[in-house]
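Everything below belongs to data36.csv, which stores CSV, C-alpha atoms.
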chain,number,residue,atom,x,y,z
M,1,MET,CA,15.0,19.4,2.7
M,2,HIS,CA,14.3,16.0,4.1
M,3,LEU,CA,10.9,14.8,2.9
M,4,PRO,CA,8.8,13.1,5.6
M,5,GLU,CA,7.5,9.6,5.4
M,6,LEU,CA,3.9,8.8,6.1
M,7,HIS,CA,3.1,6.4,8.9
M,8,PHE,CA,0.1,4.2,8.0
M,9,ILE,CA,-2.2,4.1,11.0
M,10,GLY,CA,-4.5,1.4,9.7
M,11,LYS,CA,-6.4,0.1,6.7
M,12,VAL,CA,-9.9,0.0,5.2
M,13,HIS,CA,-12.0,-3.2,5.0
M,14,SER,CA,-14.7,-2.8,2.4
M,15,ASP,CA,-16.5,-4.7,-0.3
M,16,ILE,CA,-15.1,-2.4,-3.0
M,17,HIS,CA,-12.4,-4.5,-4.7
M,18,ASN,CA,-11.6,-2.5,-7.8
M,19,THR,CA,-11.8,1.1,-8.9
M,20,LYS,CA,-14.7,0.5,-11.3
M,21,ASP,CA,-16.8,-0.6,-8.3
M,22,ALA,CA,-16.0,2.5,-6.3
M,23,PRO,CA,-18.6,5.3,-5.9
M,24,LYS,CA,-17.1,8.6,-7.1
M,25,PHE,CA,-17.9,10.4,-3.9
M,26,HIS,CA,-18.7,9.4,-0.4
M,27,ALA,CA,-21.9,11.4,-0.6
M,28,GLU,CA,-23.1,8.9,-3.3
M,29,SER,CA,-22.3,5.8,-1.2
M,30,ASP,CA,-24.4,3.9,1.2
M,31,ARG,CA,-21.8,1.2,1.7
M,32,THR,CA,-20.6,0.1,5.1
M,33,GLY,CA,-17.2,-1.2,6.1
M,34,THR,CA,-14.6,-1.2,8.8
M,35,LEU,CA,-11.6,1.0,9.6
M,36,GLU,CA,-8.9,-1.2,11.2
M,37,ILE,CA,-6.6,1.0,13.3
M,38,TYR,CA,-3.3,-0.6,14.3
M,39,PRO,CA,-3.0,-1.3,18.0
M,40,GLN,CA,-0.1,1.2,18.6
M,41,TYR,CA,-2.5,4.0,17.6
M,42,GLN,CA,-5.6,2.9,19.6
M,43,ASP,CA,-5.1,5.5,22.3
M,44,GLY,CA,-5.7,8.1,19.6
M,45,LEU,CA,-9.3,6.9,19.1
M,46,LYS,CA,-10.5,8.0,22.6
M,47,GLY,CA,-13.6,10.1,22.2
M,48,ILE,CA,-14.8,8.9,18.8
M,49,ALA,CA,-18.5,8.3,19.3
M,50,VAL,CA,-21.3,6.3,17.6
M,51,GLY,CA,-23.4,8.6,15.4
M,52,GLN,CA,-20.7,11.2,14.7
M,53,THR,CA,-19.2,12.0,11.3
M,54,ILE,CA,-15.4,11.7,11.0
M,55,VAL,CA,-13.0,12.9,8.4
M,56,VAL,CA,-10.8,10.1,7.2
M,57,LEU,CA,-7.6,10.6,5.1
M,58,CYS,CA,-6.4,7.7,3.1
M,59,TRP,CA,-3.4,7.1,0.9
M,60,PHE,CA,-4.5,6.0,-2.6
M,61,HIS,CA,-1.6,3.7,-3.1
M,62,GLN,CA,-2.8,2.7,-6.6
M,63,ALA,CA,-3.1,6.2,-7.9
M,64,ASP,CA,-0.7,7.8,-10.5
M,65,ARG,CA,1.4,10.4,-8.7
M,66,ASN,CA,2.8,11.9,-11.9
M,67,ALA,CA,-0.5,13.0,-13.6
M,68,LEU,CA,-1.0,16.8,-13.3
M,69,GLN,CA,-4.1,17.1,-15.5
M,70,VAL,CA,-7.2,14.9,-15.9
M,71,TYR,CA,-10.6,14.8,-17.5
M,72,PRO,CA,-12.9,15.5,-14.5
M,73,ARG,CA,-15.0,12.3,-13.7
M,74,GLY,CA,-13.8,10.9,-17.1
M,75,ASP,CA,-15.8,13.5,-19.1
M,76,LYS,CA,-13.7,14.6,-22.1
M,77,SER,CA,-16.3,17.2,-23.2
M,78,LYS,CA,-15.0,19.8,-20.7
M,79,GLY,CA,-11.3,19.4,-21.5
M,80,LEU,CA,-8.4,18.8,-19.2
M,81,ARG,CA,-8.2,20.3,-15.8
M,82,GLY,CA,-5.4,20.6,-13.3
M,83,VAL,CA,-5.6,17.9,-10.7
M,84,PHE,CA,-5.6,20.6,-7.9
M,85,ALA,CA,-8.9,21.9,-9.4
M,86,THR,CA,-10.5,18.5,-9.1
M,87,ARG,CA,-11.1,15.6,-6.6
M,88,SER,CA,-9.3,13.1,-8.8
M,89,PRO,CA,-7.4,10.4,-6.9
M,90,MET,CA,-4.5,11.2,-9.3
M,91,ARG,CA,-2.2,13.8,-7.8
M,92,PRO,CA,1.4,14.2,-6.5
M,93,ASN,CA,0.3,13.2,-3.0
M,94,PRO,CA,-2.7,10.9,-3.5
M,95,ILE,CA,-4.4,11.7,-0.2
M,96,ALA,CA,-8.2,11.2,-0.3
M,97,ILE,CA,-10.6,12.9,2.1
M,98,SER,CA,-13.9,11.1,3.1
M,99,GLU,CA,-16.5,12.0,5.6
M,100,LEU,CA,-17.9,8.8,7.1
M,101,LYS,CA,-20.6,8.1,9.7
M,102,VAL,CA,-19.5,6.1,12.8
M,103,LEU,CA,-21.8,3.1,13.3
M,104,ALA,CA,-19.8,1.3,16.0
M,105,VAL,CA,-16.5,1.5,17.8
M,106,ASP,CA,-14.9,-1.8,19.1
M,107,GLY,CA,-11.4,-1.4,20.3
M,108,CYS,CA,-9.3,-0.8,17.2
M,109,ARG,CA,-12.1,-1.2,14.7
M,110,ILE,CA,-14.5,1.5,13.6
M,111,GLU,CA,-17.6,0.5,11.6
M,112,VAL,CA,-18.6,3.2,9.2
M,113,SER,CA,-21.1,4.0,6.5
M,114,GLY,CA,-20.7,6.2,3.4
M,115,LEU,CA,-17.6,4.3,2.4
M,116,ASP,CA,-16.1,5.0,-1.0
M,117,ILE,CA,-12.7,3.5,-0.5
M,118,LEU,CA,-11.1,0.3,-2.0
M,119,HIS,CA,-10.5,-2.6,0.3
M,120,GLY,CA,-7.0,-2.6,1.7
M,121,THR,CA,-6.4,1.2,1.3
M,122,PRO,CA,-4.0,2.6,3.9
M,123,ILE,CA,-5.4,5.1,6.4
M,124,VAL,CA,-3.2,8.1,7.3
M,125,ASP,CA,-5.4,10.2,9.6
M,126,ILE,CA,-8.8,10.6,11.2
M,127,LYS,CA,-10.1,14.0,12.3
M,128,ASN,CA,-13.2,15.4,14.0
M,129,ILE,CA,-15.5,17.6,12.0
M,130,PRO,CA,-14.8,21.2,13.0
M,131,SER,CA,-17.5,22.3,15.5
A,1,MET,CA,5.5,-2.4,3.2
A,2,HIS,CA,7.4,0.5,1.8
A,3,LEU,CA,6.2,3.8,3.3
A,4,PRO,CA,5.6,6.6,0.8
A,5,GLU,CA,7.4,9.9,0.9
A,6,LEU,CA,5.4,13.1,0.6
A,7,HIS,CA,6.4,15.5,-2.2
A,8,PHE,CA,5.9,19.1,-1.1
A,9,ILE,CA,4.2,21.0,-3.9
A,10,GLY,CA,4.7,24.4,-2.5
A,11,LYS,CA,4.7,26.5,0.7
A,12,VAL,CA,2.6,29.1,2.5
A,13,HIS,CA,3.4,32.8,2.7
A,14,SER,CA,1.5,34.4,5.6
A,15,ASP,CA,2.0,36.9,8.4
A,16,ILE,CA,1.5,34.1,11.0
A,17,HIS,CA,5.0,33.5,12.3
A,18,ASN,CA,4.4,31.4,15.4
A,19,THR,CA,1.7,29.0,16.7
A,20,LYS,CA,0.5,31.5,19.3
A,21,ASP,CA,-0.5,33.9,16.6
A,22,ALA,CA,-2.4,31.3,14.6
A,23,PRO,CA,-6.2,31.2,14.6
A,24,LYS,CA,-7.5,27.9,15.8
A,25,PHE,CA,-9.6,27.2,12.7
A,26,HIS,CA,-9.8,28.7,9.3
A,27,ALA,CA,-13.4,29.7,9.9
A,28,GLU,CA,-12.1,32.1,12.5
A,29,SER,CA,-9.5,33.7,10.3
A,30,ASP,CA,-9.8,36.8,8.0
A,31,ARG,CA,-6.1,36.8,7.2
A,32,THR,CA,-4.9,36.8,3.6
A,33,GLY,CA,-1.7,35.2,2.3
A,34,THR,CA,-0.2,33.5,-0.7
A,35,LEU,CA,0.2,29.8,-1.7
A,36,GLU,CA,3.4,29.5,-3.7
A,37,ILE,CA,3.3,26.4,-5.8
A,38,TYR,CA,6.6,25.1,-7.2
A,39,PRO,CA,6.9,25.5,-11.0
A,40,GLN,CA,7.0,21.8,-11.8
A,41,TYR,CA,3.4,21.5,-10.4
A,42,GLN,CA,1.9,24.6,-12.1
A,43,ASP,CA,0.1,22.5,-14.8
A,44,GLY,CA,-2.0,21.1,-11.9
A,45,LEU,CA,-3.5,24.5,-11.1
A,46,LYS,CA,-5.4,24.8,-14.4
A,47,GLY,CA,-9.1,25.6,-13.6
A,48,ILE,CA,-8.7,27.1,-10.2
A,49,ALA,CA,-10.8,30.3,-10.4
A,50,VAL,CA,-11.1,33.5,-8.4
A,51,GLY,CA,-13.9,33.4,-6.0
A,52,GLN,CA,-14.0,29.7,-5.4
A,53,THR,CA,-13.1,27.9,-2.2
A,54,ILE,CA,-10.3,25.3,-2.3
A,55,VAL,CA,-9.3,22.6,0.1
A,56,VAL,CA,-5.6,22.9,1.0
A,57,LEU,CA,-3.7,20.2,2.7
A,58,CYS,CA,-0.5,21.2,4.5
A,59,TRP,CA,2.2,19.4,6.4
A,60,PHE,CA,2.6,20.8,10.0
A,61,HIS,CA,6.3,20.2,10.1
A,62,GLN,CA,6.6,21.6,13.6
A,63,ALA,CA,3.9,19.3,15.1
A,64,ASP,CA,4.6,16.5,17.5
A,65,ARG,CA,4.1,13.2,15.6
A,66,ASN,CA,4.2,11.0,18.7
A,67,ALA,CA,1.3,12.5,20.8
A,68,LEU,CA,-1.8,10.3,20.6
A,69,GLN,CA,-3.9,12.2,23.2
A,70,VAL,CA,-4.4,16.0,23.8
A,71,TYR,CA,-6.5,18.5,25.7
A,72,PRO,CA,-8.8,19.8,23.0
A,73,ARG,CA,-8.0,23.5,22.3
A,74,GLY,CA,-5.9,23.4,25.5
A,75,ASP,CA,-9.0,23.1,27.7
A,76,LYS,CA,-8.0,20.7,30.5
A,77,SER,CA,-11.5,20.7,32.1
A,78,LYS,CA,-12.8,18.1,29.6
A,79,GLY,CA,-9.9,15.6,30.0
A,80,LEU,CA,-7.7,14.0,27.4
A,81,ARG,CA,-9.0,13.0,24.0
A,82,GLY,CA,-7.5,10.9,21.3
A,83,VAL,CA,-6.0,13.0,18.6
A,84,PHE,CA,-8.2,11.3,16.0
A,85,ALA,CA,-11.3,12.7,17.8
A,86,THR,CA,-9.9,16.3,17.5
A,87,ARG,CA,-8.5,18.7,15.0
A,88,SER,CA,-5.2,19.1,16.9
A,89,PRO,CA,-2.2,19.6,14.7
A,90,MET,CA,-0.5,16.9,16.8
A,91,ARG,CA,-1.0,13.4,15.2
A,92,PRO,CA,1.1,10.7,13.6
A,93,ASN,CA,0.7,12.3,10.2
A,94,PRO,CA,0.3,16.0,10.8
A,95,ILE,CA,-1.7,16.9,7.7
A,96,ALA,CA,-3.9,19.9,8.2
A,97,ILE,CA,-7.0,20.6,6.1
A,98,SER,CA,-8.0,24.3,5.4
A,99,GLU,CA,-10.8,25.7,3.2
A,100,LEU,CA,-9.5,28.9,1.7
A,101,LYS,CA,-11.1,31.4,-0.7
A,102,VAL,CA,-9.2,32.2,-3.9
A,103,LEU,CA,-8.6,36.0,-4.3
A,104,ALA,CA,-6.3,35.9,-7.3
A,105,VAL,CA,-4.3,33.4,-9.3
A,106,ASP,CA,-1.0,34.6,-10.9
A,107,GLY,CA,1.0,31.8,-12.5
A,108,CYS,CA,2.3,29.7,-9.6
A,109,ARG,CA,0.9,32.0,-6.9
A,110,ILE,CA,-2.6,31.8,-5.4
A,111,GLU,CA,-3.7,34.6,-3.1
A,112,VAL,CA,-6.2,33.3,-0.5
A,113,SER,CA,-8.2,34.5,2.4
A,114,GLY,CA,-9.2,32.6,5.5
A,115,LEU,CA,-5.6,31.6,6.2
A,116,ASP,CA,-4.8,29.9,9.5
A,117,ILE,CA,-1.4,28.5,8.6
A,118,LEU,CA,2.2,29.4,9.7
A,119,HIS,CA,4.5,31.1,7.2
A,120,GLY,CA,6.7,28.6,5.6
A,121,THR,CA,4.4,25.6,6.1
A,122,PRO,CA,4.8,23.0,3.3
A,123,ILE,CA,1.7,22.4,1.1
A,124,VAL,CA,1.0,18.8,0.0
A,125,ASP,CA,-2.3,19.0,-1.9
A,126,ILE,CA,-5.0,21.3,-3.2
A,127,LYS,CA,-8.5,20.0,-4.0
A,128,ASN,CA,-11.8,21.2,-5.3
A,129,ILE,CA,-14.8,21.3,-3.0
A,130,PRO,CA,-17.0,18.4,-4.0
A,131,SER,CA,-19.9,19.7,-6.1
Turn the structure described in the file into structure tokens.
Amino acid sequence: MHLPELHFIGKVHSDIHNTKDAPKFHAESDRTGTLEIYPQYQDGLKGIAVGQTIVVLCWFHQADRNALQVYPRGDKSKGLRGVFATRSPMRPNPIAISELKVLAVDGCRIEVSGLDILHGTPIVDIKNIPS
Amino acid sequence: MHLPELHFIGKVHSDIHNTKDAPKFHAESDRTGTLEIYPQYQDGLKGIAVGQTIVVLCWFHQADRNALQVYPRGDKSKGLRGVFATRSPMRPNPIAISELKVLAVDGCRIEVSGLDILHGTPIVDIKNIPS
């Protein structure tokens, strides 16, 4: 079967420049930053409103795609777990899910808070929270 | 930039055979089915336990990747919205997020409830719910 290629729809601008600086989960982050969406995808943003929470899927381009087991949150006391039983960025398809609060929308740029994502990380999707 | 290829880690077995049969959201579904994970990814399942809820990312291989605006849930009264402000399966990277309850784990097969996914849909990732 032909395997599909991802289309990057934008990238993250944040002050998180290496993985050691990154909060482990968005719920632990009060950082703000900007989602830059490429102009050809701007029509897809219609309806995103200030104050709402959006689900953002990013591609962790620096993550190891071959690891299948990890020590959760680096804690070796609990032993190895399968990556599919964790939130580790390491996994065959390193797609991260973040829930971010919209602070402002200006054309192709969405200012958000709750950011836990490295500067320059490609964005692959944005979704509404199910109502 | 080189665009990454997705690696399908498995596929869904369900009794949902066309999109008209599919519940709109997993929260509205009481259907059960099976996630078949390919043997080369089985080590990644270690730690997934009966009774827990898992986050499952699928690739909606039948979805239109070019649509940027849709009528949410087919309701034309509210006008067109950007796909990134909806949960529509149509979007540039048609990755769906479902939260499913684990009923049983048997080797490479995970029985789940809450299923809202077409039979044969490729699976791209499984994650733990953040604790």
Do you have the atom CA of His119 of chain A-atom CA of Thr34 of chain A distance handy?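 Calculated distance between atom CA of His119 of chain A and atom CA of Thr34 of chain A is 9.5 Å.
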Polymer residues at most 8 Å from Met90 of chain A, all atoms listed in the file, same-chain spacing of 2 or more positions, as a list in words: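 Returned residues: Ala63, Asp64, Arg65, Asn66, Ala67, Leu68, Val83, Ser88, Pro92 and Pro94 of chain A.
Atom pair atom CA of Leu118 of chain M / atom CA of Val105 of chain M has a distance of 20.6 Å (rounded to one decimal).
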Quick one: everything within 7 Å of Glu99 of chain A, counting only C-alpha atoms, minus sequence neighbours fewer than 6 positions away in the same chain. Send it as a ChimeraX atom specification. /A:26,53-56
Set the cut-off to 7 Å and count only C-alpha atoms: what are the residues of chain A that reach chain M? Output as a list in words. Leu3, Pro4, Glu5, Leu6, His7, Asp43, Gly44, Leu45, Lys46, Gly47, Ile48, Leu68, Gln69, Arg81, Gly82, Val83, Phe84, Ala85, Thr86, Arg87, Pro92, Asn93, Val124, Asp125, Ile126, Lys127 and Asn128 of chain A
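Rounded to one decimal, atom CA of Ser98 of chain A and atom CA of Pro39 of chain A lie 22.2 Å from each other.
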Between A:Gln52, A:Gly79, A:Lys11, A:Pro122, single out the one closest to Cys108 of chain A, counting all atoms listed in the file.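 Counting all atoms listed in the file, the residue closest to Cys108 of chain A is A:Lys11.
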A:Lys20, A:Pro89, A:Ser77, A:Ile37: which is nearest Gly107 of chain A, counting all atoms listed in the file?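 For Gly107 of chain A, the nearest of the candidates is A:Ile37.
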Which neighbours of Gly120 of chain A fall inside 9 Å, counting all atoms listed in the file, when residues of the same chain fewer than 3 positions from it are skipped, and could you give them as a ChimeraX atom specification? /A:11-14,17,117
